[in-house]
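J.: So here's input.cif (mmCIF, C-alpha atoms and all ligand atoms).
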data_model
loop_
_atom_site.label_atom_id
_atom_site.label_comp_id
_atom_site.auth_asym_id
_atom_site.auth_seq_id
_atom_site.Cartn_x
_atom_site.Cartn_y
_atom_site.Cartn_z
CA ALA A 1 -10.56 -15.56 5.28
CA SER A 2 -7.28 -15.33 7.20
CA ALA A 3 -6.56 -12.45 9.56
CA PRO A 4 -5.53 -9.23 7.86
CA GLN A 5 -1.95 -8.08 8.08
CA ILE A 6 -0.38 -4.67 8.40
CA SER A 7 1.89 -3.06 5.85
CA VAL A 8 4.09 -0.55 7.61
CA GLY A 9 4.64 2.76 5.83
CA VAL A 10 8.17 4.14 5.98
CA LEU A 11 7.22 7.73 5.21
CA THR A 12 7.48 8.91 8.81
CA ALA A 13 10.28 6.55 9.86
CA ASP A 14 13.54 7.62 11.42
CA TRP A 15 15.82 6.79 8.51
CA LEU A 16 19.00 6.77 10.59
CA THR A 17 17.79 3.89 12.72
CA LEU A 18 15.49 2.29 10.17
CA GLY A 19 17.62 -0.84 9.72
CA SER A 20 17.43 -1.97 13.30
CA GLN A 21 13.78 -0.97 13.57
CA LEU A 22 12.89 -3.09 10.57
CA GLU A 23 14.59 -6.09 12.13
CA ILE A 24 12.55 -5.59 15.25
CA LEU A 25 9.33 -5.23 13.25
CA GLU A 26 10.21 -8.42 11.40
CA SER A 27 10.66 -10.31 14.64
CA ALA A 28 7.24 -9.00 15.69
CA GLY A 29 5.72 -10.68 12.63
CA VAL A 30 5.48 -7.76 10.20
CA GLU A 31 5.87 -8.98 6.62
CA LEU A 32 5.09 -5.97 4.44
CA LEU A 33 6.80 -2.61 4.08
CA HIS A 34 4.79 0.15 2.39
CA PHE A 35 6.58 2.73 0.22
CA ASP A 36 4.64 5.90 -0.60
CA VAL A 37 6.12 7.10 -3.87
CA MET A 38 5.00 10.66 -4.68
CA ASP A 39 6.30 12.75 -7.54
CA GLY A 40 5.11 16.23 -6.57
CA MET A 41 2.80 16.21 -9.61
CA PHE A 42 0.14 13.56 -9.10
CA CYS A 43 0.08 14.70 -5.50
CA PRO A 44 1.66 17.70 -3.79
CA MET A 45 4.59 16.16 -2.00
CA LEU A 46 7.75 14.65 -3.41
CA THR A 47 8.95 11.63 -1.48
CA MET A 48 11.09 8.86 -2.93
CA GLY A 49 11.86 7.08 -6.16
CA ALA A 50 13.01 3.65 -7.24
CA PRO A 51 16.62 4.09 -6.03
CA VAL A 52 15.39 4.53 -2.46
CA VAL A 53 13.16 1.46 -2.74
CA ALA A 54 16.13 -0.48 -4.15
CA GLY A 55 18.57 0.81 -1.56
CA LEU A 56 16.50 -0.33 1.37
CA LYS A 57 17.75 -3.89 1.75
CA THR A 58 15.27 -5.91 3.77
CA ARG A 59 13.68 -9.33 3.95
CA LEU A 60 10.29 -7.65 4.28
CA LEU A 61 8.17 -7.71 1.15
CA LYS A 62 8.19 -4.38 -0.66
CA ASP A 63 4.69 -2.97 -1.11
CA VAL A 64 5.11 -0.03 -3.48
CA HIS A 65 2.28 2.52 -3.75
CA LEU A 66 2.86 4.70 -6.81
CA MET A 67 1.31 8.16 -6.61
CA ILE A 68 3.02 9.41 -9.76
CA GLU A 69 2.19 10.55 -13.25
CA ASP A 70 3.07 8.35 -16.20
CA PRO A 71 3.48 5.17 -14.11
CA LEU A 72 3.99 3.01 -17.23
CA SER A 73 7.41 4.47 -17.90
CA LYS A 74 8.55 3.84 -14.30
CA LEU A 75 7.40 0.23 -13.80
CA ASP A 76 10.69 -1.34 -14.87
CA ALA A 77 12.64 0.69 -12.34
CA PHE A 78 10.40 -0.29 -9.42
CA VAL A 79 10.39 -3.94 -10.45
CA ALA A 80 14.20 -3.86 -10.63
CA ALA A 81 14.17 -2.23 -7.18
CA GLY A 82 12.70 -5.44 -5.78
CA ALA A 83 9.02 -4.53 -5.53
CA ASP A 84 6.72 -7.43 -4.64
CA ILE A 85 3.48 -5.46 -4.86
CA ILE A 86 3.09 -2.47 -7.20
CA THR A 87 -0.05 -0.40 -6.84
CA VAL A 88 -0.96 2.17 -9.49
CA HIS A 89 -3.62 4.86 -9.21
CA ALA A 90 -6.56 4.59 -11.60
CA GLU A 91 -6.49 8.41 -11.82
CA SER A 92 -2.79 8.67 -12.64
CA THR A 93 -2.90 7.49 -16.23
CA ARG A 94 -5.16 7.51 -19.27
CA HIS A 95 -4.21 3.91 -19.82
CA ILE A 96 -4.67 2.07 -16.56
CA HIS A 97 -5.57 -1.15 -18.38
CA ARG A 98 -2.33 -1.00 -20.34
CA VAL A 99 -0.31 -0.37 -17.18
CA LEU A 100 -1.86 -3.38 -15.40
CA GLN A 101 -1.36 -5.56 -18.46
CA ALA A 102 2.30 -4.54 -18.63
CA LEU A 103 2.75 -5.29 -14.91
CA GLY A 104 1.21 -8.72 -15.47
CA LYS A 105 4.05 -9.64 -17.80
CA MET A 106 6.81 -8.67 -15.36
CA THR A 107 8.56 -11.03 -12.98
CA ASN A 108 9.83 -10.45 -9.47
CA ALA A 109 13.46 -9.30 -9.45
CA ASN A 110 14.23 -11.58 -6.48
CA ASP A 111 12.43 -14.65 -7.78
CA SER A 112 11.81 -15.12 -11.48
CA ASN A 113 9.13 -17.74 -10.73
CA ARG A 114 6.92 -15.11 -9.19
CA GLY A 115 5.05 -12.27 -10.84
CA ILE A 116 4.38 -8.85 -9.37
CA VAL A 117 1.21 -8.52 -7.32
CA ARG A 118 -0.73 -5.91 -9.26
CA GLY A 119 -2.60 -3.34 -7.24
CA ILE A 120 -5.00 -0.65 -8.38
CA ALA A 121 -5.50 2.32 -6.07
CA LEU A 122 -8.58 4.51 -5.87
CA ASN A 123 -8.66 8.02 -4.45
CA PRO A 124 -11.56 8.85 -2.12
CA GLY A 125 -13.32 10.67 -4.98
CA THR A 126 -13.14 7.85 -7.52
CA PRO A 127 -16.19 5.63 -8.13
CA LEU A 128 -15.75 1.87 -7.71
CA GLU A 129 -17.15 1.39 -11.22
CA VAL A 130 -13.68 2.02 -12.69
CA LEU A 131 -12.77 -1.50 -11.58
CA GLU A 132 -15.39 -3.25 -13.69
CA PRO A 133 -13.58 -3.27 -17.07
CA LEU A 134 -10.30 -4.15 -15.36
CA ALA A 135 -11.45 -7.47 -13.87
CA GLY A 136 -8.72 -10.08 -14.15
CA GLU A 137 -5.99 -7.44 -14.44
CA PHE A 138 -5.36 -6.84 -10.74
CA GLU A 139 -4.80 -8.91 -7.62
CA LEU A 140 -5.25 -6.11 -5.09
CA VAL A 141 -7.34 -2.96 -4.69
CA LEU A 142 -5.96 -0.19 -2.49
CA MET A 143 -8.74 1.93 -1.07
CA LEU A 144 -7.27 5.25 -0.09
CA ALA A 145 -8.98 6.55 3.05
CA VAL A 146 -7.35 10.00 2.81
CA ASN A 147 -6.48 12.20 -0.12
CA PRO A 148 -2.99 11.32 -1.31
CA GLY A 149 -0.20 13.55 -0.17
CA TRP A 150 0.77 13.17 3.46
CA GLY A 151 0.97 10.75 6.34
CA GLY A 152 -0.96 11.50 9.50
CA GLN A 153 -4.23 12.65 7.93
CA LYS A 154 -7.69 11.87 9.26
CA PHE A 155 -9.52 8.75 8.06
CA ILE A 156 -12.45 9.68 5.76
CA ALA A 157 -15.50 7.94 7.23
CA SER A 158 -17.24 7.22 3.93
CA THR A 159 -14.39 4.82 3.12
CA CYS A 160 -16.07 2.20 5.30
CA ASP A 161 -19.08 1.94 3.04
CA ARG A 162 -16.81 1.84 -0.01
CA VAL A 163 -14.80 -1.05 1.40
CA LYS A 164 -17.99 -3.03 2.06
CA ARG A 165 -19.20 -2.48 -1.49
CA LEU A 166 -15.75 -3.25 -2.84
CA ARG A 167 -15.80 -6.65 -1.13
CA GLU A 168 -19.11 -7.43 -2.84
CA ILE A 169 -17.61 -6.45 -6.19
CA VAL A 170 -14.29 -8.29 -6.01
CA ARG A 171 -15.42 -11.15 -3.72
CA ASP A 172 -12.38 -13.38 -3.32
CA THR A 173 -10.69 -12.42 -6.61
CA ALA A 174 -8.61 -9.61 -5.11
CA LEU A 175 -7.02 -8.54 -1.85
CA ILE A 176 -8.37 -5.36 -0.33
CA CYS A 177 -5.91 -2.90 1.15
CA VAL A 178 -7.00 0.12 3.19
CA ASP A 179 -4.49 2.97 3.36
CA GLY A 180 -4.49 6.26 5.23
CA GLY A 181 -5.58 7.49 8.62
CA VAL A 182 -5.43 4.11 10.33
CA THR A 183 -5.03 4.37 14.10
CA ARG A 184 -5.11 2.12 17.15
CA ASP A 185 -8.73 3.10 17.59
CA ASN A 186 -10.05 2.29 14.13
CA ILE A 187 -7.85 -0.61 12.94
CA GLY A 188 -10.14 -3.27 14.43
CA SER A 189 -13.25 -1.93 12.73
CA ILE A 190 -11.40 -1.57 9.40
CA ALA A 191 -10.37 -5.21 9.63
CA ARG A 192 -13.96 -6.24 10.25
CA LEU A 193 -15.01 -4.49 7.02
CA GLY A 194 -13.06 -7.18 5.20
CA ALA A 195 -9.66 -5.63 4.56
CA ASP A 196 -6.79 -8.05 3.91
CA ILE A 197 -3.96 -5.54 4.24
CA ILE A 198 -4.06 -2.42 6.38
CA VAL A 199 -1.41 0.24 5.87
CA THR A 200 -0.21 1.92 8.98
CA GLY A 201 2.25 4.78 8.67
CA SER A 202 2.36 7.36 11.43
CA ALA A 203 0.52 5.08 13.88
CA VAL A 204 3.62 2.83 13.90
CA PHE A 205 6.43 5.26 13.04
CA ASP A 206 5.33 7.98 15.44
CA GLY A 207 8.87 8.98 16.38
CA LYS A 208 8.57 7.16 19.69
CA ALA A 209 7.84 3.46 19.99
CA PRO A 210 7.44 1.72 16.61
CA LEU A 211 7.72 -1.79 18.00
CA GLU A 212 5.12 -1.29 20.70
CA ASN A 213 2.86 0.44 18.17
CA ALA A 214 3.22 -2.43 15.70
CA ARG A 215 2.40 -4.92 18.45
CA VAL A 216 -0.74 -3.02 19.40
CA MET A 217 -1.81 -2.70 15.76
CA THR A 218 -1.25 -6.37 14.91
CA GLY A 219 -2.78 -7.41 18.22
CA ALA A 220 -6.00 -5.64 17.23
CA LEU A 221 -6.27 -7.88 14.17
CA ARG A 222 -6.29 -11.22 15.95
C1 LIG A 301 -1.17 8.81 1.69
C2 LIG A 301 -0.33 7.55 1.71
C3 LIG A 301 -0.53 6.72 2.94
C4 LIG A 301 -0.19 7.44 4.19
C5 LIG A 301 -0.29 6.54 5.38
O1 LIG A 301 -0.87 9.55 0.54
O2 LIG A 301 -0.64 6.72 0.63
O3 LIG A 301 0.20 5.51 2.83
O4 LIG A 301 1.07 8.03 4.13
O5 LIG A 301 0.10 7.25 6.49
P1 LIG A 301 -0.81 7.35 7.76
O6 LIG A 301 -0.98 5.92 8.26
O7 LIG A 301 0.01 8.19 8.67
O8 LIG A 301 -2.10 7.96 7.36
ZN ZN A 302 0.22 4.51 0.66
#
Take the structure from the file and write it as structure tokens.
T.:
Amino acid sequence: ASAPQISVGVLTADWLTLGSQLEILESAGVELLHFDVMDGMFCPMLTMGAPVVAGLKTRLLKDVHLMIEDPLSKLDAFVAAGADIITVHAESTRHIHRVLQALGKMTNANDSNRGIVRGIALNPGTPLEVLEPLAGEFELVLMLAVNPGWGGQKFIASTCDRVKRLREIVRDTALICVDGGVTRDNIGSIARLGADIIVTGSAVFDGKAPLENARVMTGALR
């Protein structure tokens, strides 16, 4: 397997200087930008919607993590906003299979030859068994290592065991993404569990030195 990569979460970014910071992150080899979309209903906080995802013009791939109710009705808007990866919570809809099927029929707004990478996200309290009937309907599993709601929370230790079991379940049929509570200190061990994508929000956008942080985080993965 190739080395994992980081997906940088914009939630705690400085939006006034975000453009130049993203260019710097790009030059440092970052390829994925993680958008935490929260609707104030599926989880407490309200963050951003599709217009914000669309408005952020970047060459980075848009990795959109939907923490919203009724995701089916919003898919079109996020696809039109240029999403490359769309991850939907298993807990956010009665019809997760339908949502993933619908996503599978959509094409990338920037390249009609490409589909959308379909992600399914699991809260820390959700058993891995929910994935079994969905085999073939996702390309990525996002293992949330905190409860959804805020950046800067503490990594829940039992996630490690879940990621190991997840790898046994999906083998090489899906990418594994670990999201929440990733720090300089634990990113190396999370990579060794078999994660392909590691989301890093406040550990990169800490209000101080995003570039240096990104370098340290990516350096830990090599
Ligand atoms: C949690 C979000 C995460 C989180 C990551 O609801 O899905 O993406 O904001 O932020 P850090 O890396 O600060 O935990
Ligand atoms: Zn996220």
J.: Please identify all protein, DNA and RNA residues within 7 Å of ligand ZN 302 (chain A), counting all atoms listed in the file, and report them as a list in words.
T.: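 If we count all atoms listed in the file, the neighbours of ligand ZN 302 (chain A) turn out to be His34, Phe35, Asp36, His65, Asp179, Gly180 and Val199 of chain A.
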J.: What does the structure give for the distance between CA of Ser20 in chain A and CA of Leu56 in chain A, in Å to one decimal?
T.: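 Separation of CA of Ser20 in chain A and CA of Leu56 in chain A: 12.1 Å.
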J.: Find the residues around Ile190 in chain A up to 12 Å (all atoms listed in the file counted), leave out those fewer than 4 positions away in its own chain, and share them as number ranges by chain.
T.: A: 3-6, 143, 145, 155-164, 176-186, 194-200, 217, 220-221
J.: Would you output that residue set with C-alpha atoms, as a compact mmCIF listing (two decimals), in the coordinates of the input?
T.:
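Dumped to out-v5.txt:
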# COMPACT_ATOMS: atom_id res chain seq x y z
CA ALA A 3 -6.56 -12.45 9.56
CA PRO A 4 -5.53 -9.23 7.86
CA GLN A 5 -1.95 -8.08 8.08
CA ILE A 6 -0.38 -4.67 8.40
CA MET A 143 -8.74 1.93 -1.07
CA ALA A 145 -8.98 6.55 3.05
CA PHE A 155 -9.52 8.75 8.06
CA ILE A 156 -12.45 9.68 5.76
CA ALA A 157 -15.50 7.94 7.23
CA SER A 158 -17.24 7.22 3.93
CA THR A 159 -14.39 4.82 3.12
CA CYS A 160 -16.07 2.20 5.30
CA ASP A 161 -19.08 1.94 3.04
CA ARG A 162 -16.81 1.84 -0.01
CA VAL A 163 -14.80 -1.05 1.40
CA LYS A 164 -17.99 -3.03 2.06
CA ILE A 176 -8.37 -5.36 -0.33
CA CYS A 177 -5.91 -2.90 1.15
CA VAL A 178 -7.00 0.12 3.19
CA ASP A 179 -4.49 2.97 3.36
CA GLY A 180 -4.49 6.26 5.23
CA GLY A 181 -5.58 7.49 8.62
CA VAL A 182 -5.43 4.11 10.33
CA THR A 183 -5.03 4.37 14.10
CA ARG A 184 -5.11 2.12 17.15
CA ASP A 185 -8.73 3.10 17.59
CA ASN A 186 -10.05 2.29 14.13
CA GLY A 194 -13.06 -7.18 5.20
CA ALA A 195 -9.66 -5.63 4.56
CA ASP A 196 -6.79 -8.05 3.91
CA ILE A 197 -3.96 -5.54 4.24
CA ILE A 198 -4.06 -2.42 6.38
CA VAL A 199 -1.41 0.24 5.87
CA THR A 200 -0.21 1.92 8.98
CA MET A 217 -1.81 -2.70 15.76
CA ALA A 220 -6.00 -5.64 17.23
CA LEU A 221 -6.27 -7.88 14.17
J.: Between CA of Leu100 in chain A and CA of Met41 in chain A, measure the distance and give it in Å to one decimal.
T.: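 Computing the Euclidean distance for CA of Leu100 in chain A and CA of Met41 in chain A yields 21.0 Å.
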J.: Report, as AutoDock Vina command-line options, the centre and edge lengths in Å (one decimal) of the axis-aligned box enclosing every listed atom of ligand LIG 301 (chain A), padded by 4 Å on each side.
T.:
--center_x -0.5 --center_y 7.5 --center_z 4.6 --size_x 11.2 --size_y 12.0 --size_z 16.1
J.: Which neighbours of Ala102 in chain A fall inside 12 Å, counting all atoms listed in the file, when residues of the same chain fewer than 5 positions from it are skipped, and could you give them as a VMD selection string?
T.: chain A and resid 71 to 76 79 86 88 95 to 97 107 115 to 116 118 137 to 138
